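data.cif (mmCIF, C-alpha atoms)
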```cif
data_entry
#
loop_
_atom_site.label_atom_id
_atom_site.label_comp_id
_atom_site.auth_asym_id
_atom_site.auth_seq_id
_atom_site.Cartn_x
_atom_site.Cartn_y
_atom_site.Cartn_z
CA MET A 1 127.72 83.68 95.70
CA GLN A 2 130.85 81.88 94.44
CA HIS A 3 131.81 84.97 92.42
CA GLU A 4 131.38 87.24 95.47
CA HIS A 5 133.57 84.92 97.56
CA ALA A 6 136.34 84.98 94.91
CA GLU A 7 136.10 88.76 94.70
CA ALA A 8 136.44 89.04 98.50
CA ILE A 9 139.61 86.91 98.39
CA ARG A 10 141.05 89.05 95.58
CA GLU A 11 140.28 92.19 97.59
CA ALA A 12 142.00 90.64 100.64
CA THR A 13 145.03 89.77 98.47
CA ARG A 14 145.38 93.42 97.48
CA LYS A 15 145.40 94.31 101.19
CA TYR A 16 148.11 91.71 101.84
CA ILE A 17 150.33 93.40 99.27
CA TYR A 18 149.82 96.81 100.92
CA VAL A 19 150.61 95.30 104.34
CA PHE A 20 153.75 93.69 102.91
CA LEU A 21 154.93 97.06 101.55
CA ALA A 22 154.12 98.73 104.88
CA LEU A 23 156.21 96.10 106.68
CA LEU A 24 159.16 96.75 104.37
CA VAL A 25 158.89 100.50 104.94
CA GLY A 26 158.57 99.88 108.70
CA THR A 27 161.78 97.82 108.65
CA ILE A 28 163.69 100.61 106.86
CA ILE A 29 162.34 103.22 109.31
CA THR A 30 163.35 101.00 112.28
CA VAL A 31 166.94 100.74 111.02
CA LEU A 32 167.22 104.45 110.18
CA ALA A 33 165.66 105.55 113.50
CA SER A 34 168.19 103.47 115.44
CA TYR A 35 170.97 105.72 114.08
CA ILE A 36 169.27 108.98 115.14
CA PRO A 37 171.03 110.31 118.27
CA PHE A 38 168.02 111.21 120.44
CA GLY A 39 170.36 111.87 123.36
CA VAL A 40 168.88 109.23 125.61
CA ARG A 41 169.01 105.57 124.54
CA SER A 42 165.62 104.88 126.12
CA VAL A 43 164.04 107.12 123.43
CA ASN A 44 165.64 104.97 120.70
CA ILE A 45 164.31 101.86 122.47
CA ALA A 46 160.80 103.34 122.74
CA VAL A 47 160.76 104.36 119.05
CA ALA A 48 162.00 100.93 117.87
CA LEU A 49 159.48 99.07 120.04
CA PHE A 50 156.65 101.35 118.87
CA ILE A 51 157.46 100.63 115.20
CA ALA A 52 157.80 96.90 115.98
CA THR A 53 154.38 96.95 117.68
CA VAL A 54 152.79 98.64 114.64
CA LYS A 55 154.40 96.04 112.32
CA ALA A 56 153.30 93.17 114.59
CA SER A 57 149.73 94.57 114.65
CA LEU A 58 149.68 94.59 110.83
CA VAL A 59 150.86 90.97 110.68
CA ALA A 60 148.39 89.83 113.34
CA GLY A 61 145.49 91.93 112.01
CA TYR A 62 145.73 91.17 108.29
CA PHE A 63 147.97 88.12 107.68
CA MET A 64 146.53 86.27 110.70
CA HIS A 65 143.01 87.67 110.02
CA LEU A 66 142.55 88.94 113.56
CA ILE A 67 140.55 91.94 112.39
CA SER A 68 137.66 89.60 111.59
CA GLU A 69 137.97 86.53 113.81
CA LYS A 70 135.55 84.53 115.94
CA LYS A 71 134.91 85.44 119.57
CA MET A 72 136.68 82.36 120.89
CA ILE A 73 140.01 83.40 119.35
CA TYR A 74 139.69 86.85 120.93
CA GLY A 75 139.02 85.13 124.26
CA VAL A 76 142.18 83.03 123.97
CA LEU A 77 144.18 86.13 123.03
CA ALA A 78 142.73 88.18 125.90
CA ALA A 79 143.83 85.49 128.38
CA THR A 80 147.28 85.41 126.74
CA ALA A 81 147.60 89.19 126.89
CA PHE A 82 146.59 89.15 130.58
CA PHE A 83 149.31 86.66 131.52
CA PHE A 84 151.91 88.25 129.23
CA VAL A 85 151.34 91.70 130.76
CA GLY A 86 151.47 90.07 134.21
CA LEU A 87 154.79 88.42 133.36
CA MET A 88 156.34 91.67 132.15
CA GLY A 89 154.75 93.59 135.04
CA LEU A 90 156.36 91.28 137.59
CA ILE A 91 159.75 91.86 135.98
CA ILE A 92 159.37 95.66 136.10
CA TRP A 93 158.01 95.44 139.65
CA SER A 94 160.90 93.29 140.87
CA ASP A 95 163.42 95.58 139.19
CA ALA A 96 161.98 98.67 140.90
CA ASP A 97 161.66 96.94 144.28
CA HIS A 98 165.22 96.38 145.48
CA VAL A 99 165.78 94.83 148.89
CA SER A 100 168.49 97.43 149.51
CA THR A 101 165.88 100.22 149.48
CA ILE A 102 163.92 98.49 152.29
CA PHE A 103 166.82 97.58 154.63
CA ARG A 104 168.69 100.82 154.54
CA MET B 1 137.69 56.84 113.31
CA ASP B 2 137.41 60.22 111.65
CA ILE B 3 138.72 63.35 113.33
CA PRO B 4 135.69 65.61 113.75
CA TYR B 5 135.43 69.19 112.46
CA THR B 6 138.48 69.18 110.18
CA ILE B 7 136.53 70.98 107.46
CA GLU B 8 133.22 72.19 108.82
CA ALA B 9 133.02 74.60 111.75
CA ARG B 10 132.09 73.29 115.17
CA PRO B 11 128.71 74.77 116.14
CA ASP B 12 129.77 76.09 119.55
CA THR B 13 133.11 77.70 118.56
CA GLY B 14 132.26 78.55 114.95
CA LEU B 15 135.73 77.28 113.96
CA PHE B 16 137.27 74.07 112.66
CA ASN B 17 139.13 72.29 115.44
CA ALA B 18 142.68 72.72 114.13
CA LYS B 19 142.26 76.49 114.18
CA VAL B 20 141.31 76.48 117.85
CA GLY B 21 144.27 74.15 118.46
CA ILE B 22 146.82 76.33 116.70
CA TRP B 23 145.66 79.47 118.54
CA LEU B 24 145.95 77.70 121.91
CA PHE B 25 149.42 76.53 120.88
CA LEU B 26 150.38 80.06 119.82
CA ALA B 27 149.16 81.33 123.20
CA SER B 28 151.63 78.95 124.89
CA GLU B 29 154.33 80.14 122.47
CA VAL B 30 153.69 83.76 123.46
CA MET B 31 154.36 82.78 127.07
CA LEU B 32 157.53 80.85 126.09
CA PHE B 33 159.03 83.77 124.17
CA GLY B 34 157.57 86.17 126.75
CA ALA B 35 159.56 84.41 129.48
CA LEU B 36 162.74 84.77 127.42
CA PHE B 37 162.02 88.40 126.56
CA SER B 38 161.42 89.18 130.24
CA SER B 39 164.74 87.42 131.02
CA TYR B 40 166.36 89.70 128.43
CA VAL B 41 164.87 92.76 130.16
CA MET B 42 166.09 91.54 133.56
CA LEU B 43 169.60 90.86 132.28
CA ARG B 44 169.82 94.14 130.42
CA VAL B 45 168.60 96.45 133.20
CA GLY B 46 170.81 94.59 135.67
CA SER B 47 173.98 94.86 133.59
CA VAL B 48 176.62 97.54 134.06
CA GLU B 49 177.25 97.81 130.32
CA TRP B 50 175.52 96.37 127.27
CA PRO B 51 177.47 95.80 124.04
CA HIS B 52 176.44 97.54 120.81
CA GLY B 53 177.51 96.88 117.27
CA LEU B 54 178.46 93.22 117.74
CA LEU B 55 176.03 92.08 115.06
CA ASN B 56 175.92 92.91 111.38
CA VAL B 57 172.88 95.22 110.86
CA PRO B 58 172.68 94.91 107.03
CA ILE B 59 172.65 91.09 107.34
CA GLY B 60 169.98 91.29 110.07
CA THR B 61 167.92 93.67 107.91
CA LEU B 62 168.23 91.31 104.94
CA ASN B 63 166.99 88.41 107.08
CA THR B 64 164.05 90.55 108.26
CA VAL B 65 163.10 91.26 104.64
CA VAL B 66 163.42 87.54 103.83
CA LEU B 67 161.05 86.60 106.66
CA ILE B 68 158.53 89.35 105.83
CA THR B 69 158.54 88.18 102.19
CA SER B 70 157.92 84.60 103.32
CA SER B 71 154.96 85.85 105.35
CA ILE B 72 153.28 87.30 102.23
CA THR B 73 154.00 84.18 100.14
CA VAL B 74 152.44 81.91 102.77
CA VAL B 75 149.25 83.99 102.91
CA LEU B 76 149.14 84.16 99.09
CA ALA B 77 149.45 80.35 98.98
CA TRP B 78 146.36 80.07 101.18
CA ALA B 79 144.48 82.70 99.09
CA SER B 80 145.36 80.72 95.92
CA LEU B 81 143.74 77.59 97.37
CA LYS B 82 140.66 79.64 98.27
CA LEU B 83 140.55 80.72 94.61
CA LYS B 84 140.96 77.04 93.53
CA ASP B 85 144.27 77.88 91.81
CA PHE B 86 146.44 74.90 92.77
CA SER B 87 149.43 75.76 90.55
CA LYS B 88 149.78 79.20 92.15
CA PHE B 89 149.52 77.58 95.58
CA LYS B 90 152.46 75.33 94.67
CA LEU B 91 154.45 78.34 93.49
CA TYR B 92 153.86 80.48 96.61
CA GLN B 93 154.25 77.57 99.03
CA GLY B 94 157.53 76.57 97.32
CA CYS B 95 158.76 80.17 97.57
CA THR B 96 157.99 80.14 101.31
CA VAL B 97 160.12 77.02 101.83
CA LEU B 98 162.99 78.56 99.84
CA LEU B 99 162.78 81.79 101.82
CA ALA B 100 162.76 79.84 105.09
CA LEU B 101 165.90 78.01 103.99
CA THR B 102 167.49 81.32 102.96
CA PHE B 103 166.80 82.68 106.45
CA VAL B 104 168.42 79.66 108.10
CA VAL B 105 171.47 79.80 105.79
CA ILE B 106 172.00 83.53 106.50
CA LYS B 107 171.59 82.86 110.23
CA SER B 108 174.15 80.04 110.11
CA PHE B 109 176.66 82.40 108.45
CA GLU B 110 176.06 84.86 111.29
CA TYR B 111 176.62 82.12 113.87
CA HIS B 112 179.79 80.96 112.08
CA ASP B 113 181.08 84.54 112.16
CA LYS B 114 180.63 84.63 115.94
CA PHE B 115 182.45 81.32 116.49
CA THR B 116 185.44 82.51 114.43
CA HIS B 117 185.61 85.92 116.14
CA TYR B 118 187.88 85.94 119.19
CA TYR B 119 188.61 87.75 122.39
CA VAL B 120 192.22 87.40 123.45
CA ARG B 121 194.07 88.54 126.58
CA VAL B 122 197.84 88.74 126.24
CA ALA B 123 200.53 89.39 128.87
CA GLU B 124 203.26 91.73 127.63
CA GLY B 125 205.76 92.00 130.45
CA LYS B 126 203.79 93.45 133.35
CA GLU B 127 201.08 94.79 131.06
CA VAL B 128 197.95 92.92 130.08
CA LYS B 129 196.50 93.65 126.66
CA GLU B 130 192.95 92.76 125.59
CA MET B 131 192.02 92.50 121.92
CA THR B 132 189.27 91.19 119.67
CA GLY B 133 189.76 89.90 116.14
CA HIS B 134 190.29 86.81 114.03
CA LEU B 135 192.90 84.06 114.10
CA GLU B 136 194.78 83.18 110.91
CA GLY B 137 192.81 80.56 108.99
CA SER B 138 189.58 81.38 110.91
CA PRO B 139 189.49 78.23 113.08
CA LEU B 140 186.13 77.45 114.67
CA ASN B 141 185.73 77.95 118.41
CA TRP B 142 189.31 77.56 119.57
CA THR B 143 190.44 77.95 123.15
CA LEU B 144 193.85 77.98 124.78
CA ALA B 145 193.57 74.18 125.00
CA ASN B 146 193.74 73.96 121.18
CA LEU B 147 197.03 75.90 121.14
CA ASN B 148 198.46 73.84 124.00
CA ASN B 149 197.38 70.50 122.56
CA PRO B 150 200.22 68.10 123.58
CA ALA B 151 199.87 66.19 120.29
CA HIS B 152 200.15 69.33 118.12
CA PRO B 153 201.37 72.27 120.21
CA ILE B 154 201.24 75.66 118.50
CA THR B 155 203.86 78.08 119.79
CA GLU B 156 202.85 81.10 117.74
CA VAL B 157 199.63 82.25 116.12
CA ALA B 158 198.83 85.09 113.71
CA PHE B 159 196.04 87.38 114.94
CA HIS B 160 194.13 89.99 112.93
CA PRO B 161 192.82 92.60 115.40
CA ASP B 162 189.50 94.35 114.74
CA PRO B 163 189.80 97.94 113.48
CA PRO B 164 189.34 100.47 116.30
CA LYS B 165 185.74 101.65 116.70
CA ALA B 166 184.95 105.14 115.44
CA HIS B 167 183.90 107.69 118.04
CA ALA B 168 181.04 110.14 117.58
CA GLY B 169 181.78 112.63 114.81
CA GLU B 170 184.66 110.53 113.49
CA ALA B 171 184.78 108.64 110.21
CA ALA B 172 184.73 104.89 110.64
CA HIS B 173 188.12 103.18 110.44
CA ALA B 174 187.92 101.25 107.21
CA GLU B 175 191.43 99.85 107.26
CA HIS B 176 192.18 96.75 109.27
CA PRO B 177 195.34 96.85 111.39
CA ALA B 178 198.12 94.54 110.27
CA ALA B 179 198.23 90.97 111.59
CA ILE B 180 200.34 90.43 114.70
CA LYS B 181 202.18 87.35 115.90
CA LEU B 182 201.13 86.16 119.35
CA GLN B 183 203.26 83.73 121.37
CA THR B 184 201.09 81.02 122.93
CA ALA B 185 203.01 81.40 126.21
CA GLN B 186 201.85 85.05 126.36
CA ILE B 187 198.15 84.28 125.83
CA GLN B 188 196.21 84.17 129.08
CA LYS B 189 192.76 83.73 127.57
CA LEU B 190 191.40 82.86 124.14
CA GLU B 191 187.65 82.72 123.67
CA SER B 192 185.31 82.85 120.68
CA PHE B 193 182.19 85.06 120.71
CA GLY B 194 179.98 82.10 121.60
CA PRO B 195 177.17 82.17 124.19
CA TRP B 196 179.74 81.75 127.00
CA HIS B 197 181.50 85.02 126.14
CA SER B 198 178.98 87.47 127.60
CA THR B 199 175.45 87.82 128.96
CA TYR B 200 174.43 89.58 125.76
CA LEU B 201 175.68 86.74 123.54
CA ALA B 202 174.09 84.15 125.86
CA ILE B 203 170.64 85.72 125.45
CA TYR B 204 171.30 86.39 121.73
CA PHE B 205 172.04 82.72 121.02
CA THR B 206 169.16 81.53 123.22
CA LEU B 207 166.55 83.77 121.58
CA THR B 208 167.74 83.43 117.98
CA GLY B 209 168.47 79.71 118.41
CA LEU B 210 164.94 79.00 119.65
CA HIS B 211 163.54 81.18 116.87
CA ALA B 212 165.64 79.34 114.25
CA LEU B 213 164.27 76.01 115.54
CA HIS B 214 160.77 77.41 114.97
CA VAL B 215 161.75 78.44 111.44
CA ILE B 216 163.08 74.94 110.71
CA GLY B 217 159.97 73.29 112.22
CA GLY B 218 157.64 75.58 110.27
CA ALA B 219 159.58 75.01 107.03
CA LEU B 220 159.25 71.22 107.47
CA VAL B 221 155.45 71.48 107.83
CA ILE B 222 155.09 73.97 104.97
CA GLY B 223 157.41 71.81 102.84
CA PHE B 224 155.29 68.74 103.58
CA LEU B 225 152.11 70.57 102.56
CA TRP B 226 153.86 71.73 99.38
CA GLY B 227 155.04 68.18 98.55
CA PRO B 228 153.38 64.91 99.65
CA GLY B 229 150.71 66.66 101.75
CA SER B 230 149.33 68.49 98.71
CA LYS B 231 147.85 65.21 97.35
CA LEU B 232 144.94 65.92 99.68
CA TRP B 233 143.81 68.52 97.13
CA ARG B 234 142.42 65.73 94.93
CA THR B 235 140.20 64.21 97.63
CA GLN B 236 139.58 66.89 100.29
CA PRO B 237 140.52 70.36 98.97
CA GLU B 238 138.86 72.18 101.89
CA ARG B 239 140.86 70.17 104.39
CA LEU B 240 144.15 71.02 102.64
CA THR B 241 143.13 74.70 102.59
CA ASN B 242 142.53 74.56 106.36
CA ARG B 243 145.89 72.87 106.94
CA VAL B 244 147.64 75.54 104.90
CA GLU B 245 145.84 78.24 106.93
CA VAL B 246 146.90 76.68 110.24
CA SER B 247 150.55 76.27 109.18
CA GLY B 248 150.42 79.85 107.88
CA LEU B 249 149.23 81.12 111.27
CA PHE B 250 152.26 79.48 112.89
CA TRP B 251 154.53 80.98 110.24
CA HIS B 252 153.16 84.49 110.82
CA PHE B 253 153.83 84.04 114.53
CA VAL B 254 157.47 83.15 113.73
CA ASP B 255 157.65 86.35 111.65
CA LEU B 256 156.02 88.33 114.46
CA VAL B 257 158.63 87.17 117.01
CA TRP B 258 161.45 88.19 114.63
CA ILE B 259 159.89 91.66 114.23
CA PHE B 260 160.70 92.20 117.93
CA LEU B 261 163.97 90.23 118.03
CA PHE B 262 165.57 92.24 115.23
CA PRO B 263 165.54 95.71 116.85
CA VAL B 264 166.07 94.36 120.36
CA LEU B 265 169.21 92.36 119.49
CA TYR B 266 170.65 94.14 116.45
CA LEU B 267 169.82 97.81 116.84
CA LEU B 268 169.34 98.78 120.49
#
```
Can the structure from this file be put into structure tokens for me?
Amino acid sequence: MQHEHAEAIREATRKYIYVFLALLVGTIITVLASYIPFGVRSVNIAVALFIATVKASLVAGYFMHLISEKKMIYGVLAATAFFFVGLMGLIIWSDADHVSTIFR
Amino acid sequence: MDIPYTIEARPDTGLFNAKVGIWLFLASEVMLFGALFSSYVMLRVGSVEWPHGLLNVPIGTLNTVVLITSSITVVLAWASLKLKDFSKFKLYQGCTVLLALTFVVIKSFEYHDKFTHYYVRVAEGKEVKEMTGHLEGSPLNWTLANLNNPAHPITEVAFHPDPPKAHAGEAAHAEHPAAIKLQTAQIQKLESFGPWHSTYLAIYFTLTGLHALHVIGGALVIGFLWGPGSKLWRTQPERLTNRVEVSGLFWHFVDLVWIFLFPVLYLL
């Protein structure tokens, strides 16, 4: 039992190294992609945020062990995600809803 | 009185209490940084122009690598405790503290660079000239009041303008223009690139400043667990392992925030 536990930790450690290397590669790709002239800056923004999201998922999933966590943690995160999306949604909503477009 | 469930899992949650606590704290942190990120979005979409190239990308990239490396060392420190290898824990935990300090030192150099970089507006006859660059001697955060100080008035100052920015398809201008002498009487405005200089710099200093405070706070906790806090290993090894896990979760969150801050502030 003790041996199996140690082996599982060693296996996890190998995964941490792979994730670390992936994060380094992701950082290099982010910097290089920012210099590519896509024509529209919003494409550069979308690409950078996509890579950042992938990197953040790796950190949260493996380093923070979210791929195998207890239900309660997922519940806390679901509530956080709900309010975070709401917060960002309100910003986008308010930006698209100018008073000047109503009182023309 | 003993704090319950510091080692063993609570039956209803299946977790030790500190882990529930840190995740609830991180949830509040997501909302804190979320509010600032949404402020950034509001300011950026509402601005007529947004500056690019004000920050040093290689330095920012280096700091990203430093923080990512500290994220692996902190998780390896926890894994070492799980494998009952205390000496390796000390090594990885010590490396994490050093990397955290490296991050803060690099950040402070970046901040110093901003407070010694100036915008100046000069009247030349009827013309008004705007320039950016550095003052001779790189004084920190000077304004016109420093030049007009009644005790030590400065009538003339040497200014090193920034090289002109390269346009698309052009090679970058490597050579710096020669220093010019500016008469204090001609200077209408002198301002360092501090948070007061522009909306971009205001949000840059707010976001990175708050993040740096998190780095310092996290480094203090990780440093404590590396030093005096590690004595717990002799009496309650499981409890120390749990503490290291909880501090590590906070540290990964700090890394996670930087993963978004770096492209948003340095590259886009």
(request) Taking only C-alpha atoms into account, report as a ChimeraX atom specification which residues of chain A lie within 9 Å of chain B. (result) /A:5-6,9-10,12-13,16-17,19-20,23-24,27-28,30-31,34-35,41,44-45,48-49,52-53,55-57,59-60,63-64,70-73,76-77,79-81,83-84,87-88,91-92,95
(request) State, in Å with one decimal place, the distance from CA of Tyr118 (chain B) to CA of Thr155 (chain B). (result)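 These two atoms are separated by 17.8 Å.
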Take every atom of region 21-37 of chain A listed in the file, fit an axis-aligned box around them, add 6 Å per side, and give the centre and edge lengths in Å to one decimal as lines of an AutoDock Vina configuration file.
```
center_x = 162.6
center_y = 103.2
center_z = 109.9
size_x = 28.9
size_y = 26.2
size_z = 28.7
```
(request) Dig up all the protein and nucleic acid residues within 12 Å of (174.0, 83.0, 124.1) in the file frame, using all atoms listed in the file, and format them as a list of chain:residue names. (result) B:Leu36, B:Tyr40, B:Tyr111, B:Lys114, B:Phe115, B:Ser192, B:Phe193, B:Gly194, B:Pro195, B:Trp196, B:His197, B:Ser198, B:Thr199, B:Tyr200, B:Leu201, B:Ala202, B:Ile203, B:Tyr204, B:Phe205, B:Thr206, B:Leu207, B:Thr208, B:Gly209, B:Leu210, B:Leu265
(request) Taking the file as shown, find all residues satisfying the PyMOL selection byres ((chain B and resi 90-96) around 12) and write them as a PyMOL selection string. (result) chain B and resi 66-81+84-89+97-103+215-216+218-231+233+244-245+247-248+251-252
(message) When the PyMOL selection byres ((chain B and resi 130-145) around 12) is applied to the structure above, which residues does it catch, written out as a ChimeraX atom specification?
(response) /B:54,111-124,127-129,146-165,176-197
(message) Using Å and a single decimal, report how far CA of Arg239 (chain B) sits from CA of Ala18 (chain B).
(response) 10.2 Å
(message) Rounded to one decimal, what separation in Å do you get between CA of Leu66 (chain A) and CA of Gly86 (chain A)?
(response)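 Here the two named atoms are 22.5 Å from each other.
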